[in-house]
$ cat coords04.cif   # mmCIF, C-alpha atoms
data_upload
loop_
_atom_site.label_atom_id
_atom_site.label_comp_id
_atom_site.auth_asym_id
_atom_site.auth_seq_id
_atom_site.Cartn_x
_atom_site.Cartn_y
_atom_site.Cartn_z
CA MET A 113 -8.73 29.53 11.76
CA THR A 114 -10.47 26.81 9.77
CA ALA A 115 -9.64 23.24 10.79
CA VAL A 116 -7.57 21.15 8.40
CA ASN A 117 -9.05 18.11 6.68
CA ILE A 118 -6.49 15.31 6.58
CA ALA A 119 -6.82 12.02 4.71
CA ILE A 120 -4.59 9.21 5.94
CA VAL A 121 -4.24 6.75 3.08
CA TYR A 122 -2.37 3.54 3.73
CA TYR A 123 -1.69 0.06 2.44
CA SER A 124 -0.80 -2.71 4.87
CA SER A 125 -0.61 -6.44 4.28
CA THR A 126 0.17 -7.65 7.80
CA GLY A 127 -0.45 -4.60 9.97
CA THR A 128 2.67 -2.43 10.23
CA ASN A 129 1.41 0.49 8.16
CA TYR A 130 -2.06 0.10 9.63
CA ARG A 131 -0.55 0.76 13.06
CA MET A 132 1.35 3.73 11.68
CA ALA A 133 -1.88 5.08 10.18
CA LYS A 134 -3.68 4.70 13.51
CA TRP A 135 -0.92 6.60 15.34
CA ALA A 136 -1.24 9.31 12.71
CA GLU A 137 -5.00 9.39 13.27
CA GLU A 138 -4.48 9.88 17.01
CA ALA A 139 -2.04 12.74 16.39
CA ALA A 140 -4.33 14.40 13.87
CA LYS A 141 -7.22 14.38 16.31
CA GLU A 142 -4.95 15.81 19.01
CA ALA A 143 -4.09 18.60 16.58
CA GLY A 144 -7.76 19.41 16.04
CA ALA A 145 -7.95 18.25 12.43
CA ASN A 146 -10.84 16.54 10.71
CA VAL A 147 -9.53 13.03 9.97
CA TYR A 148 -10.44 10.34 7.46
CA VAL A 149 -8.52 7.05 7.39
CA ALA A 150 -8.78 4.82 4.34
CA ARG A 151 -6.92 1.80 2.97
CA THR A 152 -6.08 1.17 -0.63
CA ALA A 153 -7.78 -1.82 -2.23
CA GLU A 154 -6.11 -5.21 -1.92
CA LEU A 155 -5.01 -6.51 -5.33
CA ALA A 156 -3.07 -9.63 -4.38
CA PRO A 157 -4.41 -13.01 -5.49
CA GLN A 158 -6.45 -14.77 -2.83
CA ALA A 159 -4.03 -17.69 -2.95
CA ALA A 160 -1.17 -15.41 -1.92
CA ILE A 161 -3.19 -13.99 0.97
CA GLU A 162 -4.28 -17.45 2.11
CA SER A 163 -0.66 -18.61 2.16
CA ASN A 164 0.24 -16.05 4.84
CA PRO A 165 -1.84 -16.36 8.04
CA ALA A 166 -0.86 -12.87 9.25
CA TRP A 167 -1.89 -11.31 5.94
CA LYS A 168 -5.20 -13.17 5.90
CA ALA A 169 -5.94 -12.24 9.52
CA HIS A 170 -5.11 -8.57 9.04
CA LEU A 171 -7.28 -8.29 5.95
CA GLU A 172 -10.19 -9.74 7.89
CA GLU A 173 -9.56 -7.48 10.89
CA THR A 174 -9.56 -4.32 8.77
CA LYS A 175 -12.35 -5.18 6.33
CA ASP A 176 -14.58 -2.42 7.74
CA ILE A 177 -12.06 0.35 7.07
CA PRO A 178 -13.23 2.16 3.93
CA GLU A 179 -11.29 1.79 0.71
CA ALA A 180 -9.62 4.98 -0.46
CA LYS A 181 -11.22 6.80 -3.37
CA PRO A 182 -9.93 9.76 -5.40
CA GLU A 183 -12.67 12.00 -4.02
CA ASP A 184 -11.13 11.58 -0.56
CA LEU A 185 -8.18 13.60 -1.84
CA ASP A 186 -10.47 16.33 -3.15
CA TRP A 187 -11.91 16.70 0.36
CA ALA A 188 -8.51 16.77 2.04
CA ASP A 189 -6.23 19.72 2.63
CA ALA A 190 -3.47 17.38 3.76
CA ILE A 191 -2.74 13.77 2.80
CA LEU A 192 -0.48 11.40 4.71
CA PHE A 193 0.48 8.16 2.98
CA SER A 194 1.90 5.05 4.62
CA MET A 195 2.99 1.89 2.80
CA PRO A 196 5.57 -0.90 2.76
CA THR A 197 8.33 -0.92 0.18
CA ARG A 198 8.22 -3.15 -2.87
CA PHE A 199 11.72 -3.26 -4.37
CA GLY A 200 12.30 0.38 -3.38
CA ASN A 201 9.00 1.51 -4.83
CA VAL A 202 5.42 1.93 -3.66
CA PRO A 203 3.37 -1.29 -3.65
CA GLY A 204 1.00 -1.98 -6.51
CA GLN A 205 -2.00 -1.41 -4.25
CA MET A 206 -0.86 2.17 -3.62
CA LYS A 207 0.24 2.74 -7.21
CA GLN A 208 -3.15 1.72 -8.56
CA PHE A 209 -4.81 4.23 -6.25
CA LEU A 210 -2.45 6.98 -7.34
CA ASP A 211 -3.09 6.08 -10.98
CA GLN A 212 -6.79 6.80 -10.44
CA THR A 213 -6.15 10.45 -9.60
CA GLY A 214 -5.79 11.60 -13.20
CA GLY A 215 -9.21 13.25 -13.21
CA LEU A 216 -8.44 15.35 -10.14
CA TRP A 217 -5.00 16.14 -11.52
CA GLY A 218 -6.48 17.25 -14.84
CA GLU A 219 -8.84 19.64 -13.03
CA GLY A 220 -6.01 21.07 -10.94
CA LYS A 221 -7.61 19.85 -7.74
CA LEU A 222 -4.42 18.34 -6.34
CA VAL A 223 -2.39 21.52 -6.64
CA ASN A 224 -1.22 22.81 -3.24
CA LYS A 225 -2.38 19.76 -1.33
CA VAL A 226 0.06 19.29 1.55
CA VAL A 227 1.43 15.75 1.47
CA SER A 228 3.81 13.52 3.40
CA GLY A 229 4.78 9.85 3.29
CA MET A 230 5.91 7.01 5.57
CA SER A 231 7.19 3.51 4.83
CA SER A 232 8.42 0.18 6.17
CA ALA A 233 10.62 -2.72 5.08
CA MET A 234 12.09 -5.95 6.45
CA ASN A 235 15.71 -4.74 6.20
CA ASP A 236 17.39 -1.61 7.51
CA HIS A 237 18.38 -0.70 3.95
CA GLY A 238 15.42 -2.36 2.29
CA GLY A 239 14.15 0.65 0.38
CA GLN A 240 12.34 2.79 2.95
CA GLU A 241 13.81 6.08 1.74
CA ALA A 242 13.51 5.17 -1.94
CA THR A 243 9.86 4.26 -1.45
CA VAL A 244 8.96 7.62 0.08
CA LYS A 245 10.92 9.48 -2.58
CA SER A 246 9.14 7.44 -5.26
CA LEU A 247 5.82 8.54 -3.78
CA TYR A 248 6.99 12.15 -3.83
CA THR A 249 7.65 11.97 -7.57
CA THR A 250 3.90 11.60 -8.08
CA MET A 251 3.27 14.41 -5.62
CA MET A 252 5.49 16.73 -7.66
CA HIS A 253 3.43 15.98 -10.74
CA TRP A 254 0.35 16.93 -8.76
CA GLY A 255 1.83 20.28 -7.81
CA ALA A 256 1.45 19.29 -4.17
CA ILE A 257 3.46 20.74 -1.31
CA ILE A 258 5.66 18.09 0.30
CA ALA A 259 5.94 18.41 4.08
CA ALA A 260 8.81 16.04 4.77
CA PRO A 261 9.75 15.84 8.44
CA GLY A 262 13.40 16.57 7.72
CA TYR A 263 15.15 17.06 11.02
CA SER A 264 12.52 19.46 12.30
CA ASP A 265 12.43 17.62 15.63
CA PRO A 266 15.14 15.68 17.53
CA ILE A 267 12.87 12.61 17.48
CA THR A 268 13.99 11.93 13.91
CA PHE A 269 17.53 11.19 15.08
CA SER A 270 16.38 8.56 17.58
CA THR A 271 13.88 6.84 15.26
CA GLY A 272 15.98 5.89 12.27
CA GLY A 273 16.97 9.30 10.95
CA ASN A 274 14.90 9.26 7.74
CA PRO A 275 14.35 12.92 6.74
CA TYR A 276 12.00 12.03 3.86
CA GLY A 277 9.37 10.38 6.04
CA THR A 278 9.16 8.18 9.10
CA SER A 279 10.14 4.60 8.33
CA VAL A 280 10.65 1.40 10.24
CA THR A 281 12.28 -1.99 9.88
CA VAL A 282 10.10 -5.00 10.71
CA ASP A 283 11.49 -8.39 11.78
CA GLY A 284 10.40 -11.80 10.57
CA GLU A 285 7.72 -11.95 13.26
CA GLY A 286 6.15 -8.70 12.09
CA GLN A 287 7.48 -6.69 15.03
CA MET A 288 8.82 -3.18 14.59
CA LYS A 289 12.50 -2.97 15.59
CA MET A 290 12.13 0.59 16.85
CA ASP A 291 9.49 2.68 18.62
CA ILE A 292 8.54 5.13 15.88
CA GLU A 293 5.20 6.24 17.32
CA PRO A 294 6.60 9.65 18.43
CA ALA A 295 8.09 10.24 14.97
CA VAL A 296 4.82 9.32 13.23
CA LYS A 297 2.93 11.72 15.46
CA HIS A 298 5.43 14.52 14.91
CA GLN A 299 5.28 14.06 11.15
CA THR A 300 1.48 14.08 11.22
CA LYS A 301 1.28 17.25 13.27
CA ARG A 302 3.89 18.96 11.12
CA THR A 303 1.90 18.06 7.98
CA ILE A 304 -1.24 19.51 9.55
CA GLN A 305 0.61 22.65 10.62
CA VAL A 306 1.88 23.30 7.10
CA ALA A 307 -1.57 22.55 5.68
CA SER A 308 -3.09 25.05 8.11
CA TRP A 309 -0.72 27.75 6.93
CA VAL A 310 -1.63 27.01 3.33
CA LYS A 311 -5.38 26.69 3.88
CA ASN A 312 -5.82 29.71 6.09
CA GLY A 313 -3.47 31.80 3.97
CA GLN A 314 -5.56 31.02 0.89
CA GLU A 315 -8.75 31.97 2.70
CA GLN A 316 -7.54 35.47 3.61
#
$ encode --input "coords04.cif" --output "structure tokens"
Amino acid sequence: MTAVNIAIVYYSSTGTNYRMAKWAEEAAKEAGANVYVARTAELAPQAAIESNPAWKAHLEETKDIPEAKPEDLDWADAILFSMPTRFGNVPGQMKQFLDQTGGLWGEGKLVNKVVSGMSSAMNDHGGQEATVKSLYTTMMHWGAIIAAPGYSDPITFSTGGNPYGTSVTVDGEGQMKMDIEPAVKHQTKRTIQVASWVKNGQEQ
């Protein structure tokens, strides 16, 4: 069976979704997939970044991670997104990236991509689920295949219970309130498994 290519595309201002993306990368490698991790471009004004030491530090620490480009999605069989919520929606940095995929969409190159999403917020009901579902609206327009974790593993019940995609609440110090690493890894491996079925089924 041909190995799955998975692109892990994330946006992170202070590091939460970066950590989630790195856990996903570990799981993808364990699953034998070819992995590419990329961050969406930072759009915030420099003054806003400078006003938050954690934001400024994280941007500097991750400056060598490549910025996501539409062609990364063309290469991928599976795409895992991770981003914080912005008023129950995807952040502008992720939205701008998605808005650049019109060319691929017009050529039908996003049809049957296997996709999944993860999110974070500062409150337990701060929009995690709505953010992932907002992402999935775009995925439906693509004709992609959404591989939500659902309750396909008991780990979902002990890590917040979000069936749409792993999510986490972060406190004022930037610390995750729950250990979601196992849920991230399960979701990643499930996404790769579904993508393998699709890819290898198409190649027969």
$ residues_around --input "coords04.cif" --residues "A:Leu185" --least-positions-apart "2" --cutoff "9 Å" --atoms "only C-alpha atoms" --output "MDAnalysis selection string"
chainID A and resid 118:119 180:183 187:191 213 216 221:222 225
$ resolve_selection --input "coords04.cif" --expression "the PyMOL selection byres ((chain A and resi 226-231) around 8)" --output "ChimeraX atom specification"
/A:129,189-197,224-225,232-233,240-241,243-244,247-248,251,256-260,276-280,299,303,306-307
$ resolve_selection --input "coords04.cif" --expression "the PyMOL selection byres ((chain A and resi 273) around 12)" --output "list in words"
Asp236, Gln240, Glu241, Pro261, Gly262, Tyr263, Ser264, Asp265, Pro266, Ile267, Thr268, Phe269, Ser270, Thr271, Gly272, Asn274, Pro275, Tyr276, Gly277, Thr278, Ser279, Val280, Met290, Ile292 and Ala295 of chain A
$ atom_distance --input "coords04.cif" --atom1 "atom CA of A:Glu154" --atom2 "atom CA of A:Lys134"
18.5 Å
$ residues_around --input "coords04.cif" --residues "stretch 144-153 of chain A" --least-positions-apart "2" --cutoff "7 Å" --atoms "all atoms listed in the file" --output "PDB file with C-alpha atoms, in the coordinates of the input"
ATOM      1  CA  ALA A 115      -9.640  23.240  10.790  1.00  0.00           C
ATOM      2  CA  VAL A 116      -7.570  21.150   8.400  1.00  0.00           C
ATOM      3  CA  ASN A 117      -9.050  18.110   6.680  1.00  0.00           C
ATOM      4  CA  ILE A 118      -6.490  15.310   6.580  1.00  0.00           C
ATOM      5  CA  ALA A 119      -6.820  12.020   4.710  1.00  0.00           C
ATOM      6  CA  ILE A 120      -4.590   9.210   5.940  1.00  0.00           C
ATOM      7  CA  VAL A 121      -4.240   6.750   3.080  1.00  0.00           C
ATOM      8  CA  TYR A 122      -2.370   3.540   3.730  1.00  0.00           C
ATOM      9  CA  TYR A 123      -1.690   0.060   2.440  1.00  0.00           C
ATOM     10  CA  GLU A 137      -5.000   9.390  13.270  1.00  0.00           C
ATOM     11  CA  ALA A 140      -4.330  14.400  13.870  1.00  0.00           C
ATOM     12  CA  LYS A 141      -7.220  14.380  16.310  1.00  0.00           C
ATOM     13  CA  GLU A 142      -4.950  15.810  19.010  1.00  0.00           C
ATOM     14  CA  LEU A 155      -5.010  -6.510  -5.330  1.00  0.00           C
ATOM     15  CA  ILE A 177     -12.060   0.350   7.070  1.00  0.00           C
ATOM     16  CA  PRO A 178     -13.230   2.160   3.930  1.00  0.00           C
ATOM     17  CA  GLU A 179     -11.290   1.790   0.710  1.00  0.00           C
ATOM     18  CA  ALA A 180      -9.620   4.980  -0.460  1.00  0.00           C
ATOM     19  CA  GLN A 205      -2.000  -1.410  -4.250  1.00  0.00           C
ATOM     20  CA  MET A 206      -0.860   2.170  -3.620  1.00  0.00           C
ATOM     21  CA  PHE A 209      -4.810   4.230  -6.250  1.00  0.00           C
TER      22      PHE A 209
END
$ closest_residue --input "coords04.cif" --among "A:Thr250, A:Gln212, A:Asn164, A:Gln314" --to "A:Thr114" --atoms "all atoms listed in the file"
A:Gln314
$ closest_residue --input "coords04.cif" --among "A:Gly286, A:Asp176, A:Lys301, A:Ser125" --to "A:Glu162" --atoms "all atoms listed in the file"
A:Ser125
$ atom_distance --input "coords04.cif" --atom1 "atom CA of A:Met132" --atom2 "atom CA of A:Asp186"
22.8 Å
$ atom_distance --input "coords04.cif" --atom1 "atom CA of A:Gly214" --atom2 "atom CA of A:Arg302"
27.2 Å
$ residues_around --input "coords04.cif" --residues "A:Thr300" --least-positions-apart "4" --cutoff "7 Å" --atoms "all atoms listed in the file" --output "ChimeraX atom specification"
/A:136,139-140,296,304
